[in-house]
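First the structure, in the form of structure tokens, and then the observations on it.
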Amino acid sequence: MLHSDGKCLRSNYNRHSREVTDAAMRTILGPYLTQLKVRDLHGKPFFAGLDEHLNDDDGSGGGGFIGANQMQLNSPARSSPHSNGSETTERFSRKVFVGGLPPDIDEEEITTSFNQYGDLIVDWPHKAESKSYFPPKGYAFLLFQEERGVQKLIETCVPDDDKLYITVSSPTIKNKAVQIRPWRLADADFVLDASMPLDPRKTVFVGGVPRPLKAYELAMIMDRLYGGVCYAGIDTDPELKYPKGAGRVAFSNQQSYIAAISARFVQLQHGDIDKRVEVKPYVLDDQMCDECHGQRCGGKFAPFFCANVTCLQYYCEQCWGLIHSREGREYHKPLVKEGADRPRAVPFRWC
């Protein structure tokens, strides 16, 4: 059972974390993430060795955040001791949330408050468009150039009720406590049941996931609601490894999978989090048509997936028209895969 204080959830997390070894993680997640093609959404995996199974794309080949102050934020090199630390050192995203800022603190003052931990730039949503010097909603993001800056910041923070705090000052408010919320890379993936194979066709996309929510929390919530969860993952951006606000959950059985997609929406409740989010089938882009197996489409991959529980199949364009011209199926809407792995319904024009 999932208690509101999270104690039961935490104990389950610790128990399963001990049971699932690194070798099991490599065996379970390697082929699965490759088939889902979400490898580029994750940073360097938190368990050793997954790089041997998947092509690494940590963004070190270029790119980086360009804000009002144009500073290149290259991903730390894997061999860099000050970035990676020892094998047992926890890894963090270089993007850190800071909330509860004084209303009159500006970008320069925020930078001055935190640059003692390392080079960084300050960002917040729609900053470039608003051309404001003040975070409009009392929070901002610290984008550190090196991961060790995040480690130093965390070491300085004062913990209180599983949250981290530090004090900052503005022209009118001195030593105000603000919340620091780092993202631990280990929280992006969680295997709940290592004995079950991961099936991309029993995986759902969860949109609008609150960014503080960890993979093991998402797994426990979905398992409590539908049962049969064997894996949950949080999508992170390839450069800063920070949550993108979406995730995916793999089920071990068809009944739980159908129950989740039939609900369409789910209330994610954990701690301070209480949000209604959308659930859709995770659409793959390399599946053959389940009806003709490529015979009617020249062996091309099927562009459409029907999420209606009477179908749950991939179709080429010709087979979609044939099957969905039947009575009762003419109102089914095809899903296609779009950017950021977000399934999208598209109108189908009948010939």
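Labeling convention for the structure tokens: chains A, B, ... as they appear, residues from 1 per chain, ligands from 1 in order of appearance.
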* To do: Run DSSP on the backbone and grab whatever in region 50-244 of chain A lands in alpha helix (DSSP H); send it over as an NGL selection string.
  => :A and (81-84 or 107-114 or 127-130 or 147-156 or 215-226)
Emit the selected residues as a compact mmCIF listing (two decimals), in the first residue's frame, including N, CA, C and O atoms.
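Result written to result19.txt:
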```txt
# COMPACT_ATOMS: atom_id res chain seq x y z
N PRO A 81 37.48 13.37 -13.57
CA PRO A 81 37.27 12.97 -12.18
C PRO A 81 36.46 13.98 -11.39
O PRO A 81 35.71 13.61 -10.52
N HIS A 82 36.62 15.26 -11.70
CA HIS A 82 35.88 16.25 -10.91
C HIS A 82 34.42 16.33 -11.33
O HIS A 82 33.60 16.86 -10.61
N SER A 83 34.09 15.75 -12.49
CA SER A 83 32.70 15.75 -12.92
C SER A 83 31.97 14.49 -12.48
O SER A 83 30.84 14.53 -12.04
N ASN A 84 32.66 13.35 -12.61
CA ASN A 84 32.00 12.09 -12.35
C ASN A 84 32.21 11.57 -10.95
O ASN A 84 31.40 10.83 -10.44
N GLU A 107 18.45 38.70 -11.74
CA GLU A 107 19.31 37.66 -12.28
C GLU A 107 20.75 37.78 -11.80
O GLU A 107 21.39 36.79 -11.41
N GLU A 108 21.26 39.00 -11.77
CA GLU A 108 22.64 39.21 -11.35
C GLU A 108 22.84 38.83 -9.89
O GLU A 108 23.85 38.22 -9.52
N GLU A 109 21.87 39.15 -9.06
CA GLU A 109 21.98 38.83 -7.63
C GLU A 109 21.85 37.32 -7.40
O GLU A 109 22.51 36.78 -6.50
N ILE A 110 21.04 36.65 -8.20
CA ILE A 110 20.95 35.19 -8.09
C ILE A 110 22.28 34.56 -8.49
O ILE A 110 22.80 33.67 -7.81
N THR A 111 22.85 35.06 -9.57
CA THR A 111 24.14 34.55 -10.03
C THR A 111 25.21 34.75 -8.97
O THR A 111 25.98 33.82 -8.67
N THR A 112 25.24 35.93 -8.38
CA THR A 112 26.23 36.22 -7.34
C THR A 112 26.06 35.31 -6.13
O THR A 112 27.04 34.89 -5.50
N SER A 113 24.82 34.97 -5.82
CA SER A 113 24.54 34.12 -4.65
C SER A 113 25.05 32.70 -4.84
O SER A 113 25.38 32.03 -3.85
N PHE A 114 25.11 32.23 -6.10
CA PHE A 114 25.42 30.83 -6.32
C PHE A 114 26.71 30.58 -7.09
O PHE A 114 27.13 29.42 -7.19
N LYS A 127 12.07 33.37 -20.32
CA LYS A 127 12.96 34.46 -19.92
C LYS A 127 13.32 35.36 -21.10
O LYS A 127 13.28 36.59 -20.99
N ALA A 128 13.67 34.76 -22.23
CA ALA A 128 14.08 35.54 -23.39
C ALA A 128 12.93 36.40 -23.92
O ALA A 128 13.13 37.56 -24.29
N GLU A 129 11.71 35.82 -23.94
CA GLU A 129 10.57 36.56 -24.47
C GLU A 129 10.15 37.71 -23.55
O GLU A 129 9.78 38.79 -24.02
N SER A 130 10.22 37.47 -22.26
CA SER A 130 9.75 38.49 -21.31
C SER A 130 10.74 39.62 -21.13
O SER A 130 10.37 40.74 -20.76
N GLU A 147 29.28 19.54 -13.19
CA GLU A 147 28.44 18.83 -12.22
C GLU A 147 28.96 19.00 -10.80
O GLU A 147 28.19 18.96 -9.84
N ARG A 148 30.25 19.18 -10.64
CA ARG A 148 30.79 19.34 -9.29
C ARG A 148 30.23 20.58 -8.61
O ARG A 148 30.19 20.64 -7.38
N GLY A 149 29.79 21.59 -9.38
CA GLY A 149 29.16 22.76 -8.79
C GLY A 149 27.86 22.39 -8.08
O GLY A 149 27.54 22.93 -7.01
N VAL A 150 27.12 21.44 -8.67
CA VAL A 150 25.90 20.97 -8.04
C VAL A 150 26.23 20.22 -6.76
O VAL A 150 25.57 20.39 -5.73
N GLN A 151 27.27 19.39 -6.80
CA GLN A 151 27.68 18.65 -5.61
C GLN A 151 28.05 19.61 -4.48
O GLN A 151 27.66 19.40 -3.32
N LYS A 152 28.79 20.66 -4.80
CA LYS A 152 29.19 21.62 -3.77
C LYS A 152 27.97 22.33 -3.19
O LYS A 152 27.89 22.56 -1.97
N LEU A 153 27.02 22.68 -4.04
CA LEU A 153 25.81 23.34 -3.57
C LEU A 153 25.03 22.44 -2.62
O LEU A 153 24.57 22.88 -1.56
N ILE A 154 24.89 21.16 -2.99
CA ILE A 154 24.15 20.22 -2.16
C ILE A 154 24.80 20.06 -0.79
O ILE A 154 24.13 20.01 0.24
N GLU A 155 26.13 20.02 -0.78
CA GLU A 155 26.85 19.87 0.49
C GLU A 155 26.65 21.05 1.42
O GLU A 155 26.74 20.92 2.64
N THR A 156 26.35 22.21 0.86
CA THR A 156 26.15 23.42 1.66
C THR A 156 24.73 23.53 2.20
O THR A 156 24.49 24.21 3.19
N ALA A 215 11.18 8.17 -10.81
CA ALA A 215 10.71 6.99 -11.53
C ALA A 215 10.11 5.96 -10.58
O ALA A 215 9.09 5.34 -10.88
N TYR A 216 10.73 5.76 -9.42
CA TYR A 216 10.19 4.75 -8.51
C TYR A 216 8.85 5.20 -7.94
O TYR A 216 7.96 4.37 -7.68
N GLU A 217 8.64 6.50 -7.78
CA GLU A 217 7.36 7.01 -7.31
C GLU A 217 6.28 6.81 -8.38
O GLU A 217 5.15 6.40 -8.07
N LEU A 218 6.64 7.09 -9.63
CA LEU A 218 5.70 6.85 -10.73
C LEU A 218 5.35 5.38 -10.83
O LEU A 218 4.17 5.01 -11.02
N ALA A 219 6.34 4.51 -10.67
CA ALA A 219 6.10 3.06 -10.74
C ALA A 219 5.14 2.62 -9.64
O ALA A 219 4.20 1.84 -9.89
N MET A 220 5.36 3.10 -8.43
CA MET A 220 4.52 2.68 -7.30
C MET A 220 3.08 3.18 -7.45
O MET A 220 2.12 2.46 -7.14
N ILE A 221 2.93 4.40 -7.92
CA ILE A 221 1.59 4.96 -8.11
C ILE A 221 0.83 4.17 -9.16
O ILE A 221 -0.33 3.77 -8.95
N MET A 222 1.46 3.92 -10.30
CA MET A 222 0.79 3.19 -11.38
C MET A 222 0.53 1.74 -10.99
O MET A 222 -0.48 1.15 -11.38
N ASP A 223 1.43 1.15 -10.22
CA ASP A 223 1.23 -0.22 -9.78
C ASP A 223 0.07 -0.32 -8.79
O ASP A 223 -0.70 -1.28 -8.81
N ARG A 224 -0.06 0.69 -7.94
CA ARG A 224 -1.18 0.70 -6.99
C ARG A 224 -2.51 0.83 -7.73
O ARG A 224 -3.51 0.22 -7.35
N LEU A 225 -2.52 1.62 -8.81
CA LEU A 225 -3.75 1.86 -9.55
C LEU A 225 -4.12 0.70 -10.48
O LEU A 225 -5.30 0.33 -10.58
N TYR A 226 -3.14 0.13 -11.17
CA TYR A 226 -3.44 -0.84 -12.23
C TYR A 226 -2.77 -2.19 -12.03
O TYR A 226 -3.18 -3.17 -12.67
```
* Pick out the residues sitting within 10 Å of region 250-261 of chain A, and hand them over as a VMD selection string; count only C-alpha atoms, and ignore anything fewer than 6 positions along from it in its own chain. => chain A and resid 32 191 to 193 195 to 206 219 222 to 223 225 to 233 278 to 282 307 to 309 312
* Find the residues near Cys306 (chain A): any atom within 8 Å, counting only C-alpha atoms, skip ones fewer than 3 places away on the same chain, and give them as a list of chain:residue names. =>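 Skipping anything fewer than 3 positions along the chain leaves A:Cys311, A:Leu312, A:Gln313, A:Tyr314, A:Tyr315, A:His332, A:Lys333, A:Pro334, A:Leu335.
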Residues from the last selection, N, CA, C and O atoms, saved as a PDB file, in the first residue's frame:
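Result saved to again07.pdb:
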```pdb
ATOM      1  N   CYS A 311      -8.781  -3.012 -31.078  1.00  0.00           N
ATOM      2  CA  CYS A 311      -7.714  -3.145 -32.080  1.00  0.00           C
ATOM      3  C   CYS A 311      -6.353  -3.370 -31.410  1.00  0.00           C
ATOM      4  O   CYS A 311      -5.842  -4.481 -31.396  1.00  0.00           O
ATOM      5  N   LEU A 312      -5.770  -2.274 -30.903  1.00  0.00           N
ATOM      6  CA  LEU A 312      -4.431  -2.319 -30.306  1.00  0.00           C
ATOM      7  C   LEU A 312      -3.427  -2.938 -31.268  1.00  0.00           C
ATOM      8  O   LEU A 312      -2.652  -3.827 -30.925  1.00  0.00           O
ATOM      9  N   GLN A 313      -3.464  -2.431 -32.517  1.00  0.00           N
ATOM     10  CA  GLN A 313      -2.577  -2.942 -33.544  1.00  0.00           C
ATOM     11  C   GLN A 313      -1.977  -1.798 -34.366  1.00  0.00           C
ATOM     12  O   GLN A 313      -2.514  -0.696 -34.403  1.00  0.00           O
ATOM     13  N   TYR A 314      -0.866  -2.138 -35.043  1.00  0.00           N
ATOM     14  CA  TYR A 314      -0.237  -1.212 -35.978  1.00  0.00           C
ATOM     15  C   TYR A 314      -0.764  -1.517 -37.379  1.00  0.00           C
ATOM     16  O   TYR A 314      -0.949  -2.685 -37.749  1.00  0.00           O
ATOM     17  N   TYR A 315      -0.999  -0.444 -38.157  1.00  0.00           N
ATOM     18  CA  TYR A 315      -1.555  -0.599 -39.496  1.00  0.00           C
ATOM     19  C   TYR A 315      -0.795   0.266 -40.499  1.00  0.00           C
ATOM     20  O   TYR A 315      -0.417   1.403 -40.198  1.00  0.00           O
ATOM     21  N   HIS A 332     -12.568   5.180 -34.995  1.00  0.00           N
ATOM     22  CA  HIS A 332     -11.266   5.035 -34.349  1.00  0.00           C
ATOM     23  C   HIS A 332     -10.280   6.048 -34.931  1.00  0.00           C
ATOM     24  O   HIS A 332     -10.311   6.332 -36.133  1.00  0.00           O
ATOM     25  N   LYS A 333      -9.433   6.590 -34.082  1.00  0.00           N
ATOM     26  CA  LYS A 333      -8.454   7.571 -34.534  1.00  0.00           C
ATOM     27  C   LYS A 333      -7.040   6.986 -34.457  1.00  0.00           C
ATOM     28  O   LYS A 333      -6.667   6.412 -33.438  1.00  0.00           O
ATOM     29  N   PRO A 334      -6.275   7.125 -35.530  1.00  0.00           N
ATOM     30  CA  PRO A 334      -4.910   6.589 -35.496  1.00  0.00           C
ATOM     31  C   PRO A 334      -3.970   7.471 -34.680  1.00  0.00           C
ATOM     32  O   PRO A 334      -4.086   8.697 -34.676  1.00  0.00           O
ATOM     33  N   LEU A 335      -3.047   6.823 -33.978  1.00  0.00           N
ATOM     34  CA  LEU A 335      -1.993   7.535 -33.270  1.00  0.00           C
ATOM     35  C   LEU A 335      -0.706   7.398 -34.061  1.00  0.00           C
ATOM     36  O   LEU A 335      -0.421   6.349 -34.642  1.00  0.00           O
TER      37      LEU A 335
END
```
* Asked: Expressed in Å to a single decimal, how great is the separation between CA of Ile273 (chain A) and CA of Ala246 (chain A)?
  ->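 These atoms are spaced 14.7 Å apart.
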* Shell of 12 Å around Gly207 (chain A), only C-alpha atoms, local chain residues under 5 positions omitted, as a list in words -> Leu218, Ile234, Asp235, Pro243, Lys244, Gly245, Ala246, Gly247, Arg248, Val249, Arg264, Phe265, Val266, Gln267, Leu268, Lys275, Arg276, Val277, Glu278, Val279, Lys280, Pro281, Tyr282, Ala340, Asp341, Arg342, Pro343 and Arg344 of chain A
Limited to C-alpha atoms, could you put the picked residues into a file as a PDB file, in the first residue's frame?
```
ATOM      1  CA  LEU A 218       5.698   6.854 -10.733  1.00  0.00           C
ATOM      2  CA  ILE A 234      11.360   9.604 -16.578  1.00  0.00           C
ATOM      3  CA  ASP A 235      12.306  11.320 -19.857  1.00  0.00           C
ATOM      4  CA  PRO A 243      13.281  15.861 -16.491  1.00  0.00           C
ATOM      5  CA  LYS A 244      11.238  16.931 -19.509  1.00  0.00           C
ATOM      6  CA  GLY A 245       7.840  16.457 -17.872  1.00  0.00           C
ATOM      7  CA  ALA A 246       6.997  13.050 -19.350  1.00  0.00           C
ATOM      8  CA  GLY A 247       7.600   9.403 -18.602  1.00  0.00           C
ATOM      9  CA  ARG A 248       6.755   5.853 -19.578  1.00  0.00           C
ATOM     10  CA  VAL A 249       5.559   2.816 -17.680  1.00  0.00           C
ATOM     11  CA  ARG A 264      -6.813   8.005 -20.337  1.00  0.00           C
ATOM     12  CA  PHE A 265      -6.032  10.173 -17.313  1.00  0.00           C
ATOM     13  CA  VAL A 266      -4.521   9.414 -13.931  1.00  0.00           C
ATOM     14  CA  GLN A 267      -4.177  11.444 -10.744  1.00  0.00           C
ATOM     15  CA  LEU A 268      -0.551  11.412  -9.603  1.00  0.00           C
ATOM     16  CA  LYS A 275      -1.772  16.416 -10.631  1.00  0.00           C
ATOM     17  CA  ARG A 276      -4.001  14.883 -13.289  1.00  0.00           C
ATOM     18  CA  VAL A 277      -1.933  13.657 -16.233  1.00  0.00           C
ATOM     19  CA  GLU A 278      -2.662  11.972 -19.559  1.00  0.00           C
ATOM     20  CA  VAL A 279      -1.898   8.330 -20.327  1.00  0.00           C
ATOM     21  CA  LYS A 280      -1.529   7.029 -23.900  1.00  0.00           C
ATOM     22  CA  PRO A 281      -0.073   3.945 -25.571  1.00  0.00           C
ATOM     23  CA  TYR A 282       3.618   4.325 -26.280  1.00  0.00           C
ATOM     24  CA  ALA A 340       9.694  13.896 -27.817  1.00  0.00           C
ATOM     25  CA  ASP A 341       8.036  10.474 -28.215  1.00  0.00           C
ATOM     26  CA  ARG A 342       4.633  12.031 -27.650  1.00  0.00           C
ATOM     27  CA  PRO A 343       1.823  10.029 -29.322  1.00  0.00           C
ATOM     28  CA  ARG A 344      -0.510  12.199 -31.385  1.00  0.00           C
TER      29      ARG A 344
END
```
